[in-house]
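Quick look at work-v5.cif (mmCIF, C-alpha atoms and all ligand atoms):
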data_work
#
loop_
_atom_site.label_atom_id
_atom_site.label_comp_id
_atom_site.auth_asym_id
_atom_site.auth_seq_id
_atom_site.Cartn_x
_atom_site.Cartn_y
_atom_site.Cartn_z
CA MET A 1 19.16 -12.57 14.83
CA GLY A 2 22.31 -10.80 15.88
CA SER A 3 25.02 -13.24 14.75
CA PRO A 4 27.30 -11.93 12.01
CA LEU A 5 26.46 -12.67 8.41
CA PRO A 6 28.74 -14.97 6.45
CA SER A 7 30.74 -13.02 3.92
CA ILE A 8 29.48 -13.40 0.39
CA PRO A 9 30.30 -11.75 -2.92
CA THR A 10 28.62 -8.40 -3.57
CA ALA A 11 25.98 -8.11 -6.27
CA LYS A 12 27.14 -7.54 -9.82
CA GLY A 13 24.08 -8.63 -11.75
CA PRO A 14 20.76 -6.83 -12.26
CA ARG A 15 19.12 -5.58 -9.03
CA GLY A 16 17.36 -8.24 -7.03
CA HIS A 17 18.92 -11.07 -8.96
CA GLY A 18 21.73 -11.66 -6.54
CA VAL A 19 24.89 -13.49 -7.46
CA PRO A 20 25.50 -16.58 -5.35
CA THR A 21 23.08 -19.47 -5.76
CA LEU A 22 24.95 -22.02 -3.69
CA LEU A 23 26.97 -21.36 -0.61
CA ALA A 24 29.31 -23.83 0.99
CA ARG A 25 28.91 -23.58 4.74
CA GLU A 26 31.77 -24.62 6.99
CA GLY A 27 32.89 -27.19 4.45
CA GLU A 28 30.17 -29.63 5.51
CA HIS A 29 27.20 -29.30 3.27
CA THR A 30 25.79 -26.82 0.81
CA VAL A 31 22.49 -24.99 1.05
CA ASN A 32 20.50 -23.30 -1.61
CA ILE A 33 20.27 -19.62 -0.88
CA GLU A 34 16.61 -18.73 -1.03
CA LYS A 35 15.07 -15.76 -2.76
CA ILE A 36 13.44 -13.27 -0.36
CA HIS A 37 9.89 -12.15 -1.15
CA PHE A 38 8.41 -8.74 -0.39
CA VAL A 39 4.68 -9.40 -0.30
CA GLY A 40 1.75 -6.99 -0.27
CA ALA A 41 -0.63 -8.16 2.45
CA GLY A 42 -3.52 -6.07 1.17
CA PRO A 43 -5.45 -3.57 3.27
CA GLY A 44 -6.51 -5.83 6.14
CA ASP A 45 -9.10 -8.46 5.18
CA ALA A 46 -7.11 -11.72 5.09
CA GLU A 47 -8.86 -12.69 1.84
CA LEU A 48 -7.55 -9.61 0.07
CA ILE A 49 -4.01 -10.93 -0.24
CA THR A 50 -3.14 -12.25 -3.71
CA VAL A 51 -3.12 -16.00 -4.37
CA LYS A 52 0.63 -15.78 -4.90
CA GLY A 53 1.13 -13.82 -1.67
CA ALA A 54 -0.88 -16.38 0.30
CA ARG A 55 1.13 -19.24 -1.21
CA LEU A 56 4.41 -17.57 -0.30
CA LEU A 57 3.19 -17.01 3.27
CA LYS A 58 2.20 -20.67 3.53
CA GLU A 59 5.66 -21.72 2.36
CA ALA A 60 7.52 -19.20 4.54
CA ASP A 61 9.86 -20.26 7.33
CA VAL A 62 10.45 -16.68 8.47
CA ILE A 63 8.11 -13.69 8.25
CA VAL A 64 8.94 -10.09 9.05
CA TYR A 65 5.93 -7.79 9.23
CA ALA A 66 4.58 -4.67 10.95
CA GLY A 67 2.27 -6.13 13.57
CA SER A 68 0.63 -2.76 14.12
CA LEU A 69 -0.58 -2.49 10.52
CA VAL A 70 -0.99 -5.98 9.09
CA ASP A 71 -3.72 -8.16 10.55
CA ARG A 72 -2.09 -10.79 12.74
CA GLU A 73 -4.88 -13.13 11.66
CA LEU A 74 -3.43 -13.14 8.16
CA VAL A 75 -0.14 -14.50 9.41
CA ARG A 76 -1.84 -16.98 11.78
CA THR A 77 -4.09 -18.24 8.99
CA TYR A 78 -1.48 -18.70 6.33
CA ALA A 79 1.70 -19.33 8.28
CA PRO A 80 0.93 -20.76 11.72
CA ASP A 81 4.35 -22.38 12.06
CA ALA A 82 6.64 -19.70 10.65
CA ARG A 83 9.08 -17.78 12.82
CA VAL A 84 7.57 -14.31 13.00
CA PHE A 85 9.32 -11.00 13.64
CA ASP A 86 7.34 -7.82 14.31
CA SER A 87 9.19 -5.10 12.42
CA ALA A 88 7.54 -2.36 14.54
CA GLY A 89 10.39 -2.40 17.04
CA MET A 90 13.18 -3.29 14.59
CA THR A 91 15.74 -1.21 12.69
CA LEU A 92 16.54 -1.61 8.99
CA GLU A 93 19.71 -3.49 9.96
CA GLU A 94 17.71 -5.89 12.12
CA THR A 95 15.04 -6.64 9.52
CA THR A 96 17.76 -7.11 6.91
CA THR A 97 19.60 -9.51 9.21
CA ALA A 98 16.44 -11.53 9.91
CA LEU A 99 15.66 -11.83 6.20
CA SER A 100 19.18 -12.41 4.94
CA GLN A 101 20.11 -14.96 7.59
CA ALA A 102 17.01 -16.94 6.72
CA ALA A 103 17.81 -16.80 3.01
CA LEU A 104 21.46 -17.75 3.55
CA ASN A 105 20.38 -20.73 5.63
CA GLY A 106 18.15 -21.98 2.84
CA LYS A 107 14.97 -20.79 4.54
CA LYS A 108 12.12 -19.04 2.81
CA ALA A 109 11.66 -15.50 4.10
CA VAL A 110 8.76 -13.15 3.46
CA ARG A 111 8.77 -9.45 4.22
CA LEU A 112 5.07 -8.72 4.51
CA HIS A 113 3.91 -5.16 3.90
CA THR A 114 0.51 -3.63 4.40
CA GLY A 115 -1.43 -2.82 1.22
CA ASP A 116 0.96 -2.67 -1.71
CA PRO A 117 4.66 -2.57 -0.83
CA SER A 118 5.39 0.17 -3.37
CA ILE A 119 3.19 2.76 -1.68
CA TYR A 120 4.82 4.31 1.41
CA GLY A 121 6.31 0.89 2.07
CA ALA A 122 9.95 1.82 2.70
CA ILE A 123 10.98 -1.17 0.58
CA GLN A 124 13.59 0.59 -1.53
CA GLU A 125 16.12 0.88 1.27
CA GLN A 126 15.57 -2.76 2.18
CA MET A 127 16.23 -3.82 -1.40
CA VAL A 128 19.40 -1.73 -1.50
CA GLU A 129 20.68 -3.62 1.56
CA LEU A 130 19.89 -6.95 -0.09
CA ASP A 131 21.65 -5.80 -3.26
CA LEU A 132 24.73 -5.08 -1.17
CA LEU A 133 24.55 -8.61 0.19
CA GLY A 134 24.04 -10.02 -3.29
CA LEU A 135 20.77 -11.64 -2.32
CA GLU A 136 17.89 -12.35 -4.66
CA TYR A 137 14.45 -10.91 -4.03
CA GLU A 138 11.10 -10.46 -5.70
CA VAL A 139 8.18 -8.11 -5.03
CA VAL A 140 4.61 -9.40 -5.04
CA PRO A 141 2.05 -6.61 -5.30
CA GLY A 142 -0.96 -6.18 -3.03
CA VAL A 143 -4.23 -4.27 -2.91
CA THR A 144 -3.39 -0.79 -1.71
CA SER A 145 -5.75 0.74 0.84
CA ALA A 146 -6.95 3.37 -1.67
CA PHE A 147 -8.69 0.64 -3.59
CA ALA A 148 -10.08 -0.99 -0.48
CA ALA A 149 -11.51 2.39 0.54
CA ALA A 150 -13.07 2.88 -2.91
CA ALA A 151 -14.58 -0.60 -2.60
CA THR A 152 -15.96 0.18 0.86
CA LEU A 153 -17.54 3.34 -0.54
CA LYS A 154 -18.71 1.48 -3.68
CA GLN A 155 -17.26 4.42 -5.57
CA GLU A 156 -15.50 4.61 -8.94
CA LEU A 157 -12.55 6.99 -8.69
CA THR A 158 -12.49 7.85 -12.40
CA LEU A 159 -15.81 9.12 -13.73
CA PRO A 160 -16.30 10.34 -17.32
CA GLU A 161 -16.39 14.12 -17.63
CA VAL A 162 -15.61 14.51 -13.92
CA SER A 163 -12.12 13.19 -13.32
CA GLN A 164 -9.92 10.72 -15.14
CA THR A 165 -6.97 11.11 -12.82
CA VAL A 166 -6.29 9.72 -9.36
CA ILE A 167 -3.48 11.17 -7.29
CA ILE A 168 -2.02 9.34 -4.32
CA THR A 169 -0.38 11.77 -1.97
CA ARG A 170 0.18 12.78 1.66
CA LEU A 171 0.97 15.74 3.85
CA ALA A 172 4.52 16.07 5.04
CA GLY A 173 5.00 14.50 8.43
CA ARG A 174 8.39 13.46 9.73
CA THR A 175 8.95 12.32 6.14
CA PRO A 176 9.22 15.52 4.10
CA VAL A 177 7.32 16.03 0.84
CA PRO A 178 9.12 17.81 -2.02
CA ASP A 179 8.04 21.47 -2.26
CA ARG A 180 6.53 21.15 -5.71
CA GLU A 181 4.26 18.38 -4.36
CA ARG A 182 2.78 20.46 -1.55
CA LEU A 183 -0.89 19.52 -1.18
CA SER A 184 -1.96 23.06 -2.11
CA GLU A 185 0.00 22.71 -5.38
CA ILE A 186 -1.45 19.30 -6.18
CA ALA A 187 -4.90 20.61 -5.32
CA ARG A 188 -4.70 22.99 -8.27
CA ILE A 189 -5.37 20.08 -10.62
CA GLY A 190 -8.75 19.27 -9.09
CA ALA A 191 -8.42 15.52 -9.74
CA THR A 192 -9.57 12.70 -7.46
CA LEU A 193 -7.18 12.67 -4.51
CA VAL A 194 -6.41 9.87 -2.10
CA VAL A 195 -4.49 11.26 0.84
CA TYR A 196 -2.58 8.73 2.92
CA LEU A 197 -0.92 9.17 6.32
CA SER A 198 -2.56 12.52 7.04
CA VAL A 199 -5.86 12.06 8.87
CA SER A 200 -4.37 13.26 12.15
CA MET A 201 -3.76 16.58 10.36
CA ILE A 202 -7.20 16.81 8.76
CA GLU A 203 -7.57 20.58 9.36
CA LYS A 204 -4.29 21.18 7.54
CA VAL A 205 -5.39 18.91 4.67
CA VAL A 206 -8.61 20.92 4.33
CA ALA A 207 -6.78 24.28 4.43
CA GLU A 208 -4.30 23.18 1.75
CA LEU A 209 -7.02 21.77 -0.49
CA LEU A 210 -9.05 24.98 -0.30
CA ARG A 211 -6.04 26.85 -1.69
CA GLY A 212 -6.41 24.76 -4.87
CA ALA A 213 -9.31 23.88 -7.15
CA TYR A 214 -11.58 22.55 -4.43
CA THR A 215 -14.28 24.53 -2.64
CA PRO A 216 -15.97 24.21 0.75
CA SER A 217 -18.72 22.19 -0.95
CA THR A 218 -16.28 19.62 -2.49
CA ARG A 219 -17.22 16.17 -1.23
CA VAL A 220 -14.81 14.24 1.01
CA ALA A 221 -14.92 10.69 2.36
CA VAL A 222 -12.69 9.42 5.14
CA VAL A 223 -12.36 5.65 5.41
CA ALA A 224 -10.62 4.22 8.46
CA LYS A 225 -9.43 0.60 8.57
CA ALA A 226 -10.92 -0.18 5.17
CA SER A 227 -11.76 -3.90 4.83
CA TRP A 228 -11.26 -4.58 8.56
CA PRO A 229 -14.28 -5.65 10.63
CA ASP A 230 -14.19 -2.32 12.48
CA GLU A 231 -13.87 -0.10 9.39
CA GLN A 232 -15.42 3.37 9.67
CA VAL A 233 -16.68 5.77 7.02
CA VAL A 234 -17.27 9.48 7.49
CA GLU A 235 -18.59 11.53 4.60
CA GLY A 236 -19.01 15.26 4.23
CA THR A 237 -17.62 18.30 2.49
CA LEU A 238 -14.42 20.25 2.92
CA ALA A 239 -16.47 22.60 5.09
CA ASP A 240 -17.45 20.03 7.68
CA ILE A 241 -15.22 16.94 7.32
CA ALA A 242 -12.63 17.97 9.93
CA GLY A 243 -15.25 18.24 12.66
CA LYS A 244 -16.86 14.95 11.66
CA VAL A 245 -13.53 13.12 11.69
CA LYS A 246 -12.71 14.42 15.18
CA GLU A 247 -16.18 13.54 16.39
CA ALA A 248 -15.78 9.99 15.07
CA GLY A 249 -12.44 9.75 16.88
CA ILE A 250 -10.52 8.81 13.73
CA ALA A 251 -6.85 9.63 14.23
CA LYS A 252 -4.92 7.01 12.26
CA GLN A 253 -5.03 4.25 9.64
CA ALA A 254 -7.44 6.21 7.49
CA LEU A 255 -7.55 7.64 4.01
CA ILE A 256 -9.02 10.93 2.88
CA LEU A 257 -10.68 10.74 -0.54
CA VAL A 258 -11.51 14.03 -2.17
CA GLY A 259 -12.97 15.17 -5.45
CA ASP A 260 -16.04 15.69 -7.57
CA VAL A 261 -16.38 11.98 -8.35
CA LEU A 262 -17.88 11.75 -4.86
CA ARG A 263 -20.61 14.18 -5.92
CA ALA A 264 -22.18 11.37 -7.96
CA ARG A 265 -23.06 9.72 -4.65
CA VAL A 266 -25.48 12.51 -3.84
CA GLU A 267 -26.30 14.04 -7.23
CA GLY A 268 -26.12 11.12 -9.66
CA MET A 269 -23.74 10.75 -12.60
CA LYS A 270 -22.91 13.44 -15.11
CA ALA A 271 -22.19 11.06 -17.98
CA LYS A 272 -21.94 7.34 -18.48
CA SER A 273 -18.86 5.60 -19.79
CA LEU A 274 -18.87 5.04 -23.54
CA LEU A 275 -17.52 1.54 -23.10
CA TYR A 276 -20.92 -0.10 -22.66
CA ASP A 277 -22.94 2.47 -24.64
CA LYS A 278 -24.96 0.65 -27.25
CA GLY A 279 -24.02 3.14 -30.00
CA PHE A 280 -20.26 2.99 -29.34
CA THR A 281 -18.12 0.81 -31.61
CA HIS A 282 -14.84 -0.57 -30.33
CA GLY A 283 -12.48 -3.46 -30.96
CA CYS A 284 -14.78 -6.07 -29.43
CA ARG A 285 -18.22 -4.82 -30.43
CA GLU A 286 -20.05 -3.05 -33.30
CA GLY A 287 -22.17 -0.12 -32.11
CA ILE A 288 -25.85 -0.19 -32.97
CA VAL A 289 -26.94 2.85 -34.99
CA THR A 290 -30.46 3.84 -34.05
N1 LIG B 1 1.48 0.31 1.68
C1 LIG B 1 0.23 0.74 2.30
C2 LIG B 1 0.34 2.14 2.87
C3 LIG B 1 1.28 2.23 4.06
S1 LIG B 1 1.33 3.82 4.78
C4 LIG B 1 -0.87 0.63 1.26
O1 LIG B 1 -0.60 0.33 0.10
O2 LIG B 1 -2.05 0.81 1.62
C5 LIG B 1 0.11 3.68 6.03
C6 LIG B 1 -1.11 4.52 5.66
O3 LIG B 1 -1.90 3.80 4.72
C7 LIG B 1 -2.06 4.81 6.82
O4 LIG B 1 -1.67 5.97 7.51
C8 LIG B 1 -3.36 5.04 6.10
O5 LIG B 1 -3.40 6.33 5.54
C9 LIG B 1 -3.26 4.04 4.97
N2 LIG B 1 -3.90 2.74 5.27
C10 LIG B 1 -3.31 1.54 5.36
N3 LIG B 1 -4.23 0.58 5.54
C11 LIG B 1 -5.43 1.19 5.57
C12 LIG B 1 -6.78 0.74 5.69
N4 LIG B 1 -7.06 -0.56 5.82
N5 LIG B 1 -7.76 1.65 5.65
C13 LIG B 1 -7.50 2.97 5.50
N6 LIG B 1 -6.25 3.45 5.35
C14 LIG B 1 -5.24 2.58 5.39
#
Here is a file; write its structure as structure tokens.
Ligand code: SAH
Amino acid sequence: MGSPLPSIPTAKGPRGHGVPTLLAREGEHTVNIEKIHFVGAGPGDAELITVKGARLLKEADVIVYAGSLVDRELVRTYAPDARVFDSAGMTLEETTTALSQAALNGKKAVRLHTGDPSIYGAIQEQMVELDLLGLEYEVVPGVTSAFAAAATLKQELTLPEVSQTVIITRLAGRTPVPDRERLSEIARIGATLVVYLSVSMIEKVVAELLRGAYTPSTRVAVVAKASWPDEQVVEGTLADIAGKVKEAGIAKQALILVGDVLRARVEGMKAKSLLYDKGFTHGCREGIVT
């Protein structure tokens, strides 16, 4: 890290496709410039990375990842010999330098992101930097924590006649949220909500949600560290969830799931899906008329 990057042509092709494939270095030998991979690590459990993500980690010479969020075990398991950078204390320039220098030296670099890189992953700005350098990259998706939390709860997020929409959102923190996406506005829809990055402001989440379609009796589940060995689940209603969350000492790395789909956990289902109904005909099966 730190040494200046060799000058290379700027990108002209489609984004992420880079331009140079071979770079002559100091007139001695040529190296293949490697493609950089942004990989979703999944929510925590080392087995919840994709097969492709695990392969790329195994092959990686250099890994940049947020040590505070991604399980270190995952990196130790799949890439014991790679050079590892913890992005927690690094700037965008520094992570870009670590990744691009590796790629330019013919080394395989992985930028490992918690969950899925496209959700609150700050990958766009990193890709813009790589575009400016004309470097190739690819994004490998991962299991976002919303789905790990649903799995922990053993809860379908889309129930017939209850909600067929899932909204991923957050409260504004230091990152602002556009006005039209204020939680109280989104709450008017009454869909299943998965609120990221907001558990430390649980009282505010509750207040905003109550200004929308939800009521004090709307069910809420908070899942902390979903899929980790020390995961925690707190369930309640909008009336009592804030107190329960404080009591459990949950202040970070948690999701707040809200909506009437959670009512099925205590009251049973309203309606079953038609997909497996014996009278329902679809492309793969004739319904039985009784
Ligand atoms: N890209 C990640 C989200 C990064 S933002 C993803 O797809 O999951 C970080 C926020 O994600 C945390 O504040 C928390 O709200 C949520 N989060 C990440 N991992 C989690 C986990 N294992 N359990 C619960 N919430 C998690």
- Task: Rank A:Leu92, A:Ile256, A:Leu133, A:Ala224 by their smallest atom-to-atom distance to ligand LIG 1 (chain B), using all atoms listed in the file, and report the top residue only.
- Result: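 For ligand LIG 1 (chain B), the nearest of the candidates is A:Ala224.
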Please define a box with edges along x, y and z of the file around all atoms of ligand LIG 1 (chain B) given in the file, extend it by 5 Å on each side, and return its centre and edge lengths in Å to one decimal, as JSON.
{"center_x": -3.1, "center_y": 2.9, "center_z": 3.8, "size_x": 19.2, "size_y": 16.9, "size_z": 17.4}
- Query: Expressed in Å to a single decimal, how great is the separation between atom CA of Leu157 of chain A and atom CA of Met269 of chain A?
  - Reply: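 Interatomic distance, atom CA of Leu157 of chain A to atom CA of Met269 of chain A: 12.4 Å.
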- Give me, please, the distance in Å between atom CA of Ala66 of chain A and atom CA of Leu193 of chain A, quoted to one decimal.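 Going from atom CA of Ala66 of chain A over to atom CA of Leu193 of chain A covers 26.0 Å.
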- Message: Would you pick out the contacts of segment 274-280 of chain A at 12 Å or less, using all atoms listed in the file, so that residues sharing its chain but fewer than 2 positions from it are not included, and give the list as a ChimeraX atom specification?
- Response: /A:159-161,271-272,282-290
Contacts of chain A with ligand LIG 1 (chain B) up to 9 Å, shortest pair per row, all atoms listed in the file, as a Markdown table:
| residue | atom | partner | partner_atom | distance |
| --- | --- | --- | --- | --- |
| A:Gly40 | CA | B:LIG1 | N1 | 7.6 |
| A:Ala41 | CA | B:LIG1 | N1 | 8.8 |
| A:Gly42 | CA | B:LIG1 | O2 | 7.0 |
| A:Pro43 | CA | B:LIG1 | N4 | 4.3 |
| A:Gly44 | CA | B:LIG1 | N4 | 5.3 |
| A:Asp45 | CA | B:LIG1 | N4 | 8.2 |
| A:Leu69 | CA | B:LIG1 | N3 | 6.9 |
| A:Val70 | CA | B:LIG1 | N3 | 8.1 |
| A:His113 | CA | B:LIG1 | N1 | 6.4 |
| A:Thr114 | CA | B:LIG1 | C1 | 4.9 |
| A:Gly115 | CA | B:LIG1 | O1 | 3.4 |
| A:Asp116 | CA | B:LIG1 | O1 | 3.8 |
| A:Pro117 | CA | B:LIG1 | N1 | 5.0 |
| A:Ser118 | CA | B:LIG1 | N1 | 6.4 |
| A:Ile119 | CA | B:LIG1 | N1 | 4.5 |
| A:Tyr120 | CA | B:LIG1 | S1 | 4.9 |
| A:Gly121 | CA | B:LIG1 | N1 | 4.9 |
| A:Ala122 | CA | B:LIG1 | N1 | 8.7 |
| A:Gly142 | CA | B:LIG1 | O1 | 7.2 |
| A:Val143 | CA | B:LIG1 | O1 | 6.6 |
| A:Thr144 | CA | B:LIG1 | O1 | 3.5 |
| A:Ser145 | CA | B:LIG1 | O2 | 3.8 |
| A:Ala146 | CA | B:LIG1 | O2 | 6.4 |
| A:Phe147 | CA | B:LIG1 | O2 | 8.4 |
| A:Ala148 | CA | B:LIG1 | N4 | 7.0 |
| A:Ala149 | CA | B:LIG1 | N5 | 6.4 |
| A:Arg170 | CA | B:LIG1 | O5 | 8.3 |
| A:Val194 | CA | B:LIG1 | O5 | 8.9 |
| A:Val195 | CA | B:LIG1 | O5 | 6.9 |
| A:Tyr196 | CA | B:LIG1 | O5 | 3.6 |
| A:Leu197 | CA | B:LIG1 | O4 | 3.5 |
| A:Ser198 | CA | B:LIG1 | O5 | 6.4 |
| A:Val199 | CA | B:LIG1 | O5 | 7.1 |
| A:Val222 | CA | B:LIG1 | C13 | 8.3 |
| A:Val223 | CA | B:LIG1 | C13 | 5.6 |
| A:Ala224 | CA | B:LIG1 | C13 | 4.5 |
| A:Lys225 | CA | B:LIG1 | N5 | 3.5 |
| A:Ala226 | CA | B:LIG1 | N5 | 3.7 |
| A:Ser227 | CA | B:LIG1 | N4 | 5.9 |
| A:Trp228 | CA | B:LIG1 | N4 | 6.4 |
| A:Glu231 | CA | B:LIG1 | N5 | 7.4 |
| A:Gln232 | CA | B:LIG1 | N5 | 8.8 |
| A:Lys252 | CA | B:LIG1 | O4 | 5.8 |
| A:Gln253 | CA | B:LIG1 | C8 | 4.0 |
| A:Ala254 | CA | B:LIG1 | N6 | 3.7 |
| A:Leu255 | CA | B:LIG1 | N6 | 4.6 |
| A:Ile256 | CA | B:LIG1 | O5 | 7.7 |
- Mind listing whatever residues come within 12 Å of the point (17.1, -20.2, 7.1)? Use all atoms listed in the file, file coordinates, and give them as a VMD selection string. chain A and resid 1 31 to 36 60 to 63 82 to 83 97 to 110
Can you write just those residues out, C-alpha atoms, as a PDB file, keeping the file's coordinate frame?
ATOM      1  CA  MET A   1      19.160 -12.570  14.830  1.00  0.00           C
ATOM      2  CA  VAL A  31      22.490 -24.990   1.050  1.00  0.00           C
ATOM      3  CA  ASN A  32      20.500 -23.300  -1.610  1.00  0.00           C
ATOM      4  CA  ILE A  33      20.270 -19.620  -0.880  1.00  0.00           C
ATOM      5  CA  GLU A  34      16.610 -18.730  -1.030  1.00  0.00           C
ATOM      6  CA  LYS A  35      15.070 -15.760  -2.760  1.00  0.00           C
ATOM      7  CA  ILE A  36      13.440 -13.270  -0.360  1.00  0.00           C
ATOM      8  CA  ALA A  60       7.520 -19.200   4.540  1.00  0.00           C
ATOM      9  CA  ASP A  61       9.860 -20.260   7.330  1.00  0.00           C
ATOM     10  CA  VAL A  62      10.450 -16.680   8.470  1.00  0.00           C
ATOM     11  CA  ILE A  63       8.110 -13.690   8.250  1.00  0.00           C
ATOM     12  CA  ALA A  82       6.640 -19.700  10.650  1.00  0.00           C
ATOM     13  CA  ARG A  83       9.080 -17.780  12.820  1.00  0.00           C
ATOM     14  CA  THR A  97      19.600  -9.510   9.210  1.00  0.00           C
ATOM     15  CA  ALA A  98      16.440 -11.530   9.910  1.00  0.00           C
ATOM     16  CA  LEU A  99      15.660 -11.830   6.200  1.00  0.00           C
ATOM     17  CA  SER A 100      19.180 -12.410   4.940  1.00  0.00           C
ATOM     18  CA  GLN A 101      20.110 -14.960   7.590  1.00  0.00           C
ATOM     19  CA  ALA A 102      17.010 -16.940   6.720  1.00  0.00           C
ATOM     20  CA  ALA A 103      17.810 -16.800   3.010  1.00  0.00           C
ATOM     21  CA  LEU A 104      21.460 -17.750   3.550  1.00  0.00           C
ATOM     22  CA  ASN A 105      20.380 -20.730   5.630  1.00  0.00           C
ATOM     23  CA  GLY A 106      18.150 -21.980   2.840  1.00  0.00           C
ATOM     24  CA  LYS A 107      14.970 -20.790   4.540  1.00  0.00           C
ATOM     25  CA  LYS A 108      12.120 -19.040   2.810  1.00  0.00           C
ATOM     26  CA  ALA A 109      11.660 -15.500   4.100  1.00  0.00           C
ATOM     27  CA  VAL A 110       8.760 -13.150   3.460  1.00  0.00           C
TER      28      VAL A 110
END
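Omitting segment 265-267 of chain A and its sequence neighbours fewer than 6 positions away, and counting only C-alpha atoms, the residues within 12 Å are Leu153, Lys154, Gln155, Glu156, Leu157, Leu159, Thr218, Arg219, Val220, Ala221, Glu235, Gly236, Thr237 and Gly259 of chain A.
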Serialized selection, C-alpha atoms, as an mmCIF file, in the coordinates of the input:
data_model
loop_
_atom_site.group_PDB
_atom_site.id
_atom_site.type_symbol
_atom_site.label_atom_id
_atom_site.label_comp_id
_atom_site.auth_asym_id
_atom_site.auth_seq_id
_atom_site.Cartn_x
_atom_site.Cartn_y
_atom_site.Cartn_z
ATOM 1 C CA LEU A 153 -17.540 3.340 -0.540
ATOM 2 C CA LYS A 154 -18.710 1.480 -3.680
ATOM 3 C CA GLN A 155 -17.260 4.420 -5.570
ATOM 4 C CA GLU A 156 -15.500 4.610 -8.940
ATOM 5 C CA LEU A 157 -12.550 6.990 -8.690
ATOM 6 C CA LEU A 159 -15.810 9.120 -13.730
ATOM 7 C CA THR A 218 -16.280 19.620 -2.490
ATOM 8 C CA ARG A 219 -17.220 16.170 -1.230
ATOM 9 C CA VAL A 220 -14.810 14.240 1.010
ATOM 10 C CA ALA A 221 -14.920 10.690 2.360
ATOM 11 C CA GLU A 235 -18.590 11.530 4.600
ATOM 12 C CA GLY A 236 -19.010 15.260 4.230
ATOM 13 C CA THR A 237 -17.620 18.300 2.490
ATOM 14 C CA GLY A 259 -12.970 15.170 -5.450
#
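Closest approach to Ser273 of chain A among A:Ala239, A:Val140, A:Val162, A:Leu183: A:Val162, based on all atoms listed in the file.
Taking atom CA of Gln126 of chain A and atom CA of Gly67 of chain A as the two end points, the separation is 17.8 Å.
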- All residues 9 Å or closer to Gly212 of chain A, only C-alpha atoms, same chain fewer than 3 positions away omitted, as a PyMOL selection string: chain A and resi 183-190+208-209+215
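For the choices A:Gly243, A:Pro216, A:Gly89, A:Pro178, the atom-to-atom distance to Glu203 of chain A is smallest for A:Gly243 when using all atoms listed in the file.
Candidate residues A:Ala79, A:Ile123, A:Ile202, A:Val245 were compared for distance to Thr95 of chain A, and the nearest is A:Ile123, using only C-alpha atoms.
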- From A:Glu138, A:Pro176, A:Lys270, A:Thr152, residue lying nearest Val234 of chain A [only C-alpha atoms]: A:Thr152
Final N, CA and C atoms of segment 158-169 of chain A as a compact mmCIF listing (two decimals), in the coordinates of the input:
# COMPACT_ATOMS: atom_id res chain seq x y z
N THR A 158 -12.69 7.19 -11.10
CA THR A 158 -12.49 7.85 -12.40
C THR A 158 -13.82 7.90 -13.13
N LEU A 159 -14.51 9.02 -13.06
CA LEU A 159 -15.81 9.12 -13.73
C LEU A 159 -15.69 9.98 -14.99
N PRO A 160 -16.36 9.55 -16.09
CA PRO A 160 -16.30 10.34 -17.32
C PRO A 160 -16.76 11.78 -17.08
N GLU A 161 -16.07 12.68 -17.68
CA GLU A 161 -16.39 14.12 -17.63
C GLU A 161 -16.27 14.73 -16.23
N VAL A 162 -15.81 13.95 -15.27
CA VAL A 162 -15.61 14.51 -13.92
C VAL A 162 -14.13 14.49 -13.58
N SER A 163 -13.56 13.30 -13.52
CA SER A 163 -12.12 13.19 -13.32
C SER A 163 -11.64 11.86 -13.88
N GLN A 164 -10.54 11.92 -14.57
CA GLN A 164 -9.92 10.72 -15.14
C GLN A 164 -8.54 10.52 -14.56
N THR A 165 -8.30 11.16 -13.44
CA THR A 165 -6.97 11.11 -12.82
C THR A 165 -7.11 10.87 -11.33
N VAL A 166 -6.31 9.95 -10.81
CA VAL A 166 -6.29 9.72 -9.36
C VAL A 166 -4.89 10.01 -8.86
N ILE A 167 -4.80 10.83 -7.85
CA ILE A 167 -3.48 11.17 -7.29
C ILE A 167 -3.37 10.60 -5.88
N ILE A 168 -2.33 9.84 -5.66
CA ILE A 168 -2.02 9.34 -4.32
C ILE A 168 -1.00 10.29 -3.72
N THR A 169 -1.31 10.83 -2.57
CA THR A 169 -0.38 11.77 -1.97
C THR A 169 -0.52 11.77 -0.45
